[in-house]
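Note sheet for the following structure.
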There are 2 protein chains.
Amino acid sequence: MMTPTPFVPPAQRAAWQRLQALAAAPRPHLRELLREPQREARYALEAAGLRLDFSHQAVDDEVLKALQALADESQVDAQLAALFAGEPINATEGRAVLHVALRGSDAANPPWGEAVATQVRITRQRFLAFAEQAYRGDLRGFTQAPITDVVNLGIGGSDLGPRMAADALACACPAGAVRVHFVSNVDAWALYQTLRGLDPARTLFVAQSKTFTTQETLTLMASAQRWLTDAGCPASGLGAHWAAVTTAPERAVAAGIHAERVFPFWDWVGGRYSIWSAIGLPLAMAIGENAFTQLLTGGAAMDAHVRQASPAQNLPLHMALLGIWNRNFQRMPTHHLAPYPVALANFVRFIQQMDMESNGKRTHVDGSPVGIETGPVVWGGPGIDGQHAYFQLIHQGTHRIPIDFIGVLQEHTPLPLAAEHHRVTLLNLRAQARALAEGRSAAATHALLEAAGQDADRLTPHRAFEGNVPSSTVWLPQLDPSHLGALIAAYEHKVFYQAAIWGIHAFDQWGVELGKTMASAMAQGK
Amino acid sequence: MMTPTPFVPPAQRAAWQRLQALAAAPRPHLRELLREPQREARYALEAAGLRLDFSHQAVDDEVLKALQALADESQVDAQLAALFAGEPINATEGRAVLHVALRGSDAANPPWGEAVATQVRITRQRFLAFAEQAYRGDLRGFTQAPITDVVNLGIGGSDLGPRMAADALACACPAGAVRVHFVSNVDAWALYQTLRGLDPARTLFVAQSKTFTTQETLTLMASAQRWLTDAGCPASGLGAHWAAVTTAPERAVAAGIHAERVFPFWDWVGGRYSIWSAIGLPLAMAIGENAFTQLLTGGAAMDAHVRQASPAQNLPLHMALLGIWNRNFQRMPTHHLAPYPVALANFVRFIQQMDMESNGKRTHVDGSPVGIETGPVVWGGPGIDGQHAYFQLIHQGTHRIPIDFIGVLQEHTPLPLAAEHHRVTLLNLRAQARALAEGRSAAATHALLEAAGQDADRLTPHRAFEGNVPSSTVWLPQLDPSHLGALIAAYEHKVFYQAAIWGIHAFDQWGVELGKTMASAMAQGK
């Protein structure tokens with residue numbers, strides 16, 4: 001991040017100390033807080049069609065005011081402006097951070113300048129035109145048979161975003177002419193189980209690799225090429241079966257991929273922020289150009305919101321601040337994500353990378369060791385499934401775990417009983433948020449057990465609930481491209497704001513380096 | 001668990017206090033420990049074909065000895081004997097805990113008695129005969145068309161185990177005549193996206209519900225029934241499309257399922273331990289009777305191991321003790337699982353339930369509040385994918401996160417380049433274990449950067465690695481039914497031993513109750 005001048009470690013800021021004092025004082029149980037009149041209306045924010053309900057967070061006005069002061073003292077506005085202006089806020093790599101430019105907001109007078117905007121526009125037109133050809137069934141393989149299946153080869157940021165969104169939007173977007181598959185893991189079974197059902201003459205591979213040097217992806221590419229040639233594809237026909245997305249187009253061309261099917265992105269796009277770039281190609285093939293453009297529009301709407309909203313109205317900023325309250329002042333080391341739409345199952349994996357790879361850092365921007373906790377362990381899964389698996393621990397374990405519930409108000413699955421499915425789903429989401437917050441006291445539990453004629457004295461300790469588990473719920477009106485775009489962008493900005501306050505670099509990832517170095521050394525017998 | 005008499009809270013045991021003293025003393029960095037001669041040979045255990053390499057755990061002989069003493073003082077042997085003898089160790093529900101009986105070990109003279117053994121044998125023969133019919137393609141639907149697809153309807157323990165194992169063993173077992181699908185989530189999209197590709201005349205549903213009252217599963221069943229009747233299935237034909245597994249067979253029969261297709265299990269089988277029971281029906285349909293029997297055999301081999309091995313040789317006991325060292329004495333709140341075989345991707349979700357629903361408790365067996373930490377937050381995913389996502393945080397975040405790597409020595413995917421895929425996969429596993437343990441000191445990092453002509457002073461803090469991240473690796477010779485069975489049973493016993501030491505009830509799950517109660521109340525407008 002841009003270093004505010006001079007850099008003051010977070011723990012030395014006045015608001016931080018104020019928050020420490022607030023956290024150290026006795027705090028009311030969430031059961032009490034929820035009795036406040038108007039709490040649900042007052043503790044909610046809206047942006048780009050999303051609604052953040054944070055009435056079930058263990059905060060009051062005083063805490064919120066101190067958190068907002070912390071944001072102010074951390075100069076988050078100036079840091080956000082630096083991001084949008086394309087300053088080299090990824091300082092350890094000397095790079096700008098401009099995934100926001102990919103969403104094409106501010107078309108008239110973009111803060112990142114016309115040169116970037118033009119690059120983005122030209123590339124977007126190219127990759128979306130190609131994607132639309134696939135979506136419409138206009139691509140042909142080496143036998144002139146139509147391409148019916150696309151296999152994306154890429155890992156991390158070249159996999160998680162497009163995979164998540166393709167799953168999430170399958171319910172909202174008319175299916176096109178191709179099925180899109182994702183193979184990320186170099187373990188042979190991942191590629192084999194995908195390819196065994198496919199026809200080489202009708203399959204297109206998309207090689208996604210930022211550097212085109214990732215060993216895992218290169219191995220997958222070599223195997224895929226072998227599968228094509230073993231099926232009789234001549235050298236002259238291979239071009240019809242490959243496309244590539246990379247910041248190193250010359251390497252893709254050198255690997256034999258036709259230049260017109262090589263789509264660039266740039267070193268100012270982090271892998272985990274790259275769904276908006278040509279890395280979104282397989283997604284665009286799955287949902288079509290129009291839907292992909294709506295995804296961008298939704299992201300841009302959230303960008304406009306964070307740039308224009310007052311701090312008190314800024315939705316992603318509040319996601320960030322509530323996370324900091326829970327992480328640094330209430331001492332909760334993990335953060336749970338519970339999307340109730342099953343189509344968002346992979347949203348958890350996507351946010352795990354976005355959040356943990358960005359903010360899993362222990363060095364301040366000025367090189368000093370952080371004396372505070374930074375990014376939490378993010379974990380979770382579809383909410384209803386979680387209730388029947390690990391929610392026991394959230395209710396009665398020795399952890400206190402903050403939760404982001406994600407819900408969708410309207411649902412349009414074409415099943416006769418869909419409304420009943422949806423009623424049960426939403427009822428469960430709301431009941432969990434309430435049960436986790438309120439708990440059930442020993443006295444109430446004892447009375448219930450006694451009334452039921454059970455051994456109340458013995459069983460009460462095992463059947464009471466501490467409660468006081470904080471949660472937010474992010475509501476989408478429906479799961480469609482623009483609201484998904486807004487949701488992704490909201491989490492991106494949340495992560496940005498947290499890094500801005502913690503004073504860490506969110507856009508490098510040097511922590512992935514040592515394992516690679518060690519693997520190379522070990523391959524050479526060291 | 002059985003309450004050792006008298007119950008002494010763990011923190012009052014001598015070994016616990018000894019461990020606290022050891023943890024408080026300065027401890028060597030893992031980098032140092034790894035230099036010990038013979039460490040890899042000495043810090044490993046084998047059982048039922050599995051090998052646990054714990055050389056990369058931050059322990060020495062003194063710590064191990066104290067941990068083993070803790071197990072002894074916690075009377076784990078007596079508690080294990082009580083489990084196998086069918087004593088009502090699930091005390092808050094007054095039930096025995098006999099999933100071990102389902103694996104059929106000790107056929108001659110079972111510790112749980114002949115009555116249970118006979119029940120198990122008869123039911124196993126029934127459900128495996130039915131599964132084999134499906135596997136061989138001998139089942140017919142209402143038009144007499146062969147059944148080609150099985151859809152499992154169940155959630156939690158009625159889903160995660162069979163789903164995980166069906167995925168894991170697809171690479172090892174010849175495919176049968178049916179494809180098996182799993183629908184757990186009541187969100188309509190989950191059912192719809194499975195059914196839309198299927199033919200009602202060729203589809204069999206397996207309704208899995210312990211109580212046959214789980215609202216989510218009942219809603220799925222109603223929708224599935226509607227799908228069959230909308231496709232013209234007459235009332236008289238529905239029986240050909242349903243089977244059920246439940247502890248309440250009378251409810252399944254009342255719901256219209258033919259009695260000969262209703263398979264019981266018993267209240268002494270916890271949902272999360274039920275893969276070995278008729279709940280394994282969809283798995284047996286996917287892999288066949290023979291392979292399912294091998295899974296049971298592998299589990300039984302691990303049972304024989306824990307009953308016969310000395311404490312110092314007991315593999316699951318050491319998994320438990322290392323976990324307790326990390327959780328209670330090294331203060332690590334989460335536990336990471338990184339299976340490198342992608343076929344084991346769902347093993348993480350399966351263990352999340354097994355571990356967190358069992359040991360996410362805050363009350364001792366005697367009703368007193370635990371004064372110690374219990375079950376960790378279990379999270380993770382396929383290792384290679386994790387390296388490109390959240391491993392950044394494990395390497396350079398502010399957490400210290402113990403890891404279980406899971407690796408497979410031999411791999412047989414029929415791809416020409418499979419050996420290269422496997423080489424890269426294993427190299428990465430070993431490199432990560434080493435990199436996380438050793439780290440890279442600031443001095444070493446500075447020297448490297450300087451040699452590379454980079455701004456070493458500025459970059460070193462961002463590019464150094466603290467290391468000292470502990471891990472174990474569980475090695476399977478190959479991923480096949482018997483070794484998977486052994487692996488599952490090893491984790492089951494690990495969880496059991498931890499609960500036995502912490503003095504908590506591992507086999508109830510009262511924490512899921514309040515959310516259900518609250519949902520019912522809210523549905524009635526309360």
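Quick note on naming: the chains in the structure tokens go A, B, ... in the order shown, residues restart at 1 in each chain, and ligands are numbered from 1 in order of appearance.
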Check: Which residues come within 9 Å of His505 in chain B, counting only C-alpha atoms, excluding same-chain residues fewer than 6 positions away, as a count of residues only?
Finding: 14
Item checked: Which of range 89-210 of chain B fall in strand (DSSP E or B), as a PyMOL selection string -> chain B and resi 90+95+140+146+149-153+179-183+203-208
Could the residues of range 418-519 of chain A that have an atom at most 12 Å from range 40-58 of chain A be listed as CSV, each with its closest atom pair and the distance in Å to one decimal, counting only C-alpha atoms and ordered by chain and ascending residue number?
```
residue,atom,partner,partner_atom,distance
A:Arg430,CA,A:His56,CA,10.8
A:Gln432,CA,A:His56,CA,11.0
A:Ala433,CA,A:His56,CA,7.3
A:Arg434,CA,A:His56,CA,7.8
A:Ala435,CA,A:His56,CA,10.6
A:Leu436,CA,A:His56,CA,9.2
A:Ala437,CA,A:His56,CA,6.6
A:Glu438,CA,A:His56,CA,9.4
A:Gly467,CA,A:His56,CA,11.2
A:Asn468,CA,A:Ala58,CA,7.5
A:Val469,CA,A:Gln57,CA,8.0
A:Pro470,CA,A:Gln57,CA,4.5
A:Ser471,CA,A:His56,CA,5.3
A:Ser472,CA,A:Phe54,CA,4.5
A:Thr473,CA,A:Asp53,CA,5.1
A:Val474,CA,A:Leu52,CA,4.6
A:Trp475,CA,A:Arg51,CA,5.1
A:Leu476,CA,A:Leu50,CA,5.2
A:Pro477,CA,A:Gly49,CA,7.0
A:Gln478,CA,A:Gly49,CA,9.5
A:Leu479,CA,A:Leu50,CA,10.8
A:Asp480,CA,A:Gly49,CA,11.2
A:Pro481,CA,A:Gly49,CA,11.9
A:Ser482,CA,A:Ala48,CA,8.7
A:His483,CA,A:Gly49,CA,6.8
A:Leu484,CA,A:Leu50,CA,9.5
A:Gly485,CA,A:Ala48,CA,9.5
A:Ala486,CA,A:Ala48,CA,6.3
A:Leu487,CA,A:Leu50,CA,7.4
A:Ile488,CA,A:Leu50,CA,11.1
A:Ala489,CA,A:Ala48,CA,10.1
A:Ala490,CA,A:Ala47,CA,9.0
A:Tyr491,CA,A:Leu52,CA,11.8
```
Compile the contact shell of Phe7 in chain B as an mmCIF file with N, CA and C atoms, in the first residue's frame: residues with an atom at most 12 Å away, counting only C-alpha atoms, same-chain residues fewer than 4 positions apart removed.
```
data_model
loop_
_atom_site.group_PDB
_atom_site.id
_atom_site.type_symbol
_atom_site.label_atom_id
_atom_site.label_comp_id
_atom_site.auth_asym_id
_atom_site.auth_seq_id
_atom_site.Cartn_x
_atom_site.Cartn_y
_atom_site.Cartn_z
ATOM 1 N N MET B 1 -17.828 -39.586 26.630
ATOM 2 C CA MET B 1 -16.835 -40.606 26.956
ATOM 3 C C MET B 1 -17.156 -41.161 28.339
ATOM 4 N N MET B 2 -16.595 -42.347 28.602
ATOM 5 C CA MET B 2 -16.688 -42.883 29.944
ATOM 6 C C MET B 2 -15.961 -41.915 30.870
ATOM 7 N N THR B 3 -16.551 -41.618 31.993
ATOM 8 C CA THR B 3 -15.891 -40.736 32.933
ATOM 9 C C THR B 3 -14.902 -41.552 33.760
ATOM 10 N N ALA B 11 -6.211 -30.179 33.085
ATOM 11 C CA ALA B 11 -5.180 -29.224 33.510
ATOM 12 C C ALA B 11 -4.617 -29.556 34.886
ATOM 13 N N GLN B 12 -5.302 -30.422 35.626
ATOM 14 C CA GLN B 12 -4.786 -30.801 36.947
ATOM 15 C C GLN B 12 -3.917 -32.059 36.911
ATOM 16 N N ARG B 13 -3.820 -32.665 35.739
ATOM 17 C CA ARG B 13 -2.994 -33.875 35.665
ATOM 18 C C ARG B 13 -1.519 -33.477 35.652
ATOM 19 N N GLU B 73 -2.268 -40.996 31.992
ATOM 20 C CA GLU B 73 -3.010 -40.404 33.117
ATOM 21 C C GLU B 73 -4.477 -40.160 32.757
ATOM 22 N N SER B 74 -4.752 -40.029 31.476
ATOM 23 C CA SER B 74 -6.135 -39.800 31.039
ATOM 24 C C SER B 74 -6.883 -41.115 30.857
ATOM 25 N N GLN B 75 -6.205 -42.218 31.145
ATOM 26 C CA GLN B 75 -6.836 -43.548 31.065
ATOM 27 C C GLN B 75 -7.433 -43.813 29.680
ATOM 28 N N HIS B 364 -16.948 -30.325 30.251
ATOM 29 C CA HIS B 364 -16.343 -31.610 30.582
ATOM 30 C C HIS B 364 -17.430 -32.668 30.822
ATOM 31 N N VAL B 365 -16.993 -33.920 30.806
ATOM 32 C CA VAL B 365 -17.938 -35.021 31.033
ATOM 33 C C VAL B 365 -18.651 -34.906 32.380
ATOM 34 N N ASP B 366 -18.043 -34.243 33.348
ATOM 35 C CA ASP B 366 -18.691 -34.121 34.659
ATOM 36 C C ASP B 366 -19.571 -32.874 34.752
ATOM 37 N N GLY B 367 -19.738 -32.179 33.616
ATOM 38 C CA GLY B 367 -20.616 -31.016 33.606
ATOM 39 C C GLY B 367 -19.919 -29.708 33.909
ATOM 40 N N SER B 368 -18.655 -29.769 34.274
ATOM 41 C CA SER B 368 -17.941 -28.525 34.566
ATOM 42 C C SER B 368 -17.482 -27.883 33.262
ATOM 43 N N ALA B 500 -10.963 -38.123 24.783
ATOM 44 C CA ALA B 500 -10.684 -38.888 26.001
ATOM 45 C C ALA B 500 -9.728 -38.113 26.907
ATOM 46 N N ILE B 501 -8.786 -37.413 26.287
ATOM 47 C CA ILE B 501 -7.816 -36.652 27.079
ATOM 48 C C ILE B 501 -8.433 -35.333 27.564
ATOM 49 N N TRP B 502 -9.157 -34.670 26.685
ATOM 50 C CA TRP B 502 -9.784 -33.405 27.095
ATOM 51 C C TRP B 502 -10.920 -33.631 28.097
ATOM 52 N N GLY B 503 -11.440 -34.870 28.150
ATOM 53 C CA GLY B 503 -12.549 -35.137 29.061
ATOM 54 C C GLY B 503 -13.843 -34.504 28.591
ATOM 55 N N ILE B 504 -14.145 -34.682 27.318
ATOM 56 C CA ILE B 504 -15.397 -34.141 26.766
ATOM 57 C C ILE B 504 -16.157 -35.278 26.072
#
```
Next item on the list: May I have the residues within 8 Å of Met164 in chain B as an NGL selection string, using only C-alpha atoms and disregarding those fewer than 3 positions away in the same chain?
Entry: :B and (160-161 or 167-168 or 344-347 or 350)
Serialized selection, all heavy atoms, as a PDB file, in the first residue's frame:
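As written to disk, selection-v3.pdb reads:
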```pdb
ATOM      1  N   LEU B 160     -21.482 -36.659   3.599  1.00  0.00           N
ATOM      2  CA  LEU B 160     -20.061 -36.332   3.451  1.00  0.00           C
ATOM      3  C   LEU B 160     -19.173 -37.567   3.307  1.00  0.00           C
ATOM      4  O   LEU B 160     -18.227 -37.562   2.512  1.00  0.00           O
ATOM      5  CB  LEU B 160     -19.602 -35.478   4.637  1.00  0.00           C
ATOM      6  CG  LEU B 160     -20.230 -34.085   4.687  1.00  0.00           C
ATOM      7  CD1 LEU B 160     -19.990 -33.434   6.053  1.00  0.00           C
ATOM      8  CD2 LEU B 160     -19.673 -33.188   3.587  1.00  0.00           C
ATOM      9  N   GLY B 161     -19.461 -38.614   4.068  1.00  0.00           N
ATOM     10  CA  GLY B 161     -18.627 -39.804   4.001  1.00  0.00           C
ATOM     11  C   GLY B 161     -18.746 -40.529   2.673  1.00  0.00           C
ATOM     12  O   GLY B 161     -17.747 -40.718   1.966  1.00  0.00           O
ATOM     13  N   ASP B 167     -15.697 -40.247  -4.445  1.00  0.00           N
ATOM     14  CA  ASP B 167     -14.708 -39.456  -5.194  1.00  0.00           C
ATOM     15  C   ASP B 167     -13.318 -40.061  -5.071  1.00  0.00           C
ATOM     16  O   ASP B 167     -12.584 -40.177  -6.053  1.00  0.00           O
ATOM     17  CB  ASP B 167     -14.634 -38.028  -4.626  1.00  0.00           C
ATOM     18  CG  ASP B 167     -15.725 -37.139  -5.162  1.00  0.00           C
ATOM     19  OD1 ASP B 167     -16.559 -37.613  -5.962  1.00  0.00           O
ATOM     20  OD2 ASP B 167     -15.751 -35.953  -4.772  1.00  0.00           O
ATOM     21  N   ALA B 168     -12.966 -40.408  -3.847  1.00  0.00           N
ATOM     22  CA  ALA B 168     -11.595 -40.853  -3.596  1.00  0.00           C
ATOM     23  C   ALA B 168     -11.280 -42.151  -4.307  1.00  0.00           C
ATOM     24  O   ALA B 168     -10.146 -42.380  -4.726  1.00  0.00           O
ATOM     25  CB  ALA B 168     -11.373 -41.014  -2.092  1.00  0.00           C
ATOM     26  N   LEU B 344      -8.827 -36.843  -3.021  1.00  0.00           N
ATOM     27  CA  LEU B 344      -9.171 -36.684  -1.602  1.00  0.00           C
ATOM     28  C   LEU B 344      -9.641 -35.267  -1.254  1.00  0.00           C
ATOM     29  O   LEU B 344      -9.686 -34.890  -0.082  1.00  0.00           O
ATOM     30  CB  LEU B 344      -7.973 -37.053  -0.712  1.00  0.00           C
ATOM     31  CG  LEU B 344      -7.691 -38.546  -0.534  1.00  0.00           C
ATOM     32  CD1 LEU B 344      -6.439 -38.760   0.309  1.00  0.00           C
ATOM     33  CD2 LEU B 344      -8.881 -39.251   0.125  1.00  0.00           C
ATOM     34  N   ALA B 345      -9.999 -34.495  -2.260  1.00  0.00           N
ATOM     35  CA  ALA B 345     -10.421 -33.110  -1.992  1.00  0.00           C
ATOM     36  C   ALA B 345     -11.508 -33.056  -0.922  1.00  0.00           C
ATOM     37  O   ALA B 345     -11.458 -32.228  -0.009  1.00  0.00           O
ATOM     38  CB  ALA B 345     -10.900 -32.443  -3.276  1.00  0.00           C
ATOM     39  N   ASN B 346     -12.490 -33.927  -1.009  1.00  0.00           N
ATOM     40  CA  ASN B 346     -13.595 -33.880  -0.052  1.00  0.00           C
ATOM     41  C   ASN B 346     -13.275 -34.512   1.295  1.00  0.00           C
ATOM     42  O   ASN B 346     -14.106 -34.495   2.207  1.00  0.00           O
ATOM     43  CB  ASN B 346     -14.843 -34.551  -0.645  1.00  0.00           C
ATOM     44  CG  ASN B 346     -15.610 -33.595  -1.530  1.00  0.00           C
ATOM     45  OD1 ASN B 346     -15.637 -32.396  -1.267  1.00  0.00           O
ATOM     46  ND2 ASN B 346     -16.229 -34.105  -2.576  1.00  0.00           N
ATOM     47  N   PHE B 347     -12.066 -35.075   1.410  1.00  0.00           N
ATOM     48  CA  PHE B 347     -11.660 -35.607   2.714  1.00  0.00           C
ATOM     49  C   PHE B 347     -11.645 -34.489   3.757  1.00  0.00           C
ATOM     50  O   PHE B 347     -11.938 -34.721   4.935  1.00  0.00           O
ATOM     51  CB  PHE B 347     -10.278 -36.259   2.597  1.00  0.00           C
ATOM     52  CG  PHE B 347      -9.880 -37.071   3.794  1.00  0.00           C
ATOM     53  CD1 PHE B 347     -10.507 -38.274   4.066  1.00  0.00           C
ATOM     54  CD2 PHE B 347      -8.880 -36.642   4.647  1.00  0.00           C
ATOM     55  CE1 PHE B 347     -10.152 -39.035   5.170  1.00  0.00           C
ATOM     56  CE2 PHE B 347      -8.509 -37.389   5.758  1.00  0.00           C
ATOM     57  CZ  PHE B 347      -9.147 -38.595   6.020  1.00  0.00           C
ATOM     58  N   PHE B 350     -15.111 -33.937   5.066  1.00  0.00           N
ATOM     59  CA  PHE B 350     -15.483 -35.088   5.871  1.00  0.00           C
ATOM     60  C   PHE B 350     -14.854 -34.999   7.270  1.00  0.00           C
ATOM     61  O   PHE B 350     -15.527 -35.193   8.290  1.00  0.00           O
ATOM     62  CB  PHE B 350     -15.032 -36.360   5.137  1.00  0.00           C
ATOM     63  CG  PHE B 350     -15.204 -37.638   5.905  1.00  0.00           C
ATOM     64  CD1 PHE B 350     -16.469 -38.142   6.174  1.00  0.00           C
ATOM     65  CD2 PHE B 350     -14.100 -38.347   6.346  1.00  0.00           C
ATOM     66  CE1 PHE B 350     -16.622 -39.337   6.873  1.00  0.00           C
ATOM     67  CE2 PHE B 350     -14.246 -39.537   7.041  1.00  0.00           C
ATOM     68  CZ  PHE B 350     -15.505 -40.028   7.306  1.00  0.00           C
TER      69      PHE B 350
END
```
Item checked: Filtered DSSP result for range 64-223 of chain A, state alpha helix (DSSP H), as a PyMOL selection string -> chain A and resi 64-73+76-84+99-102+114-136+160-169+188-195+215-223
Next item on the list: Might you pull out every residue within 7 Å of Ala66 in chain B, with only C-alpha atoms counted and same-chain residues fewer than 3 positions away left off, and present them as a ChimeraX atom specification?
Entry: /B:15,18-19,62-63,69-70
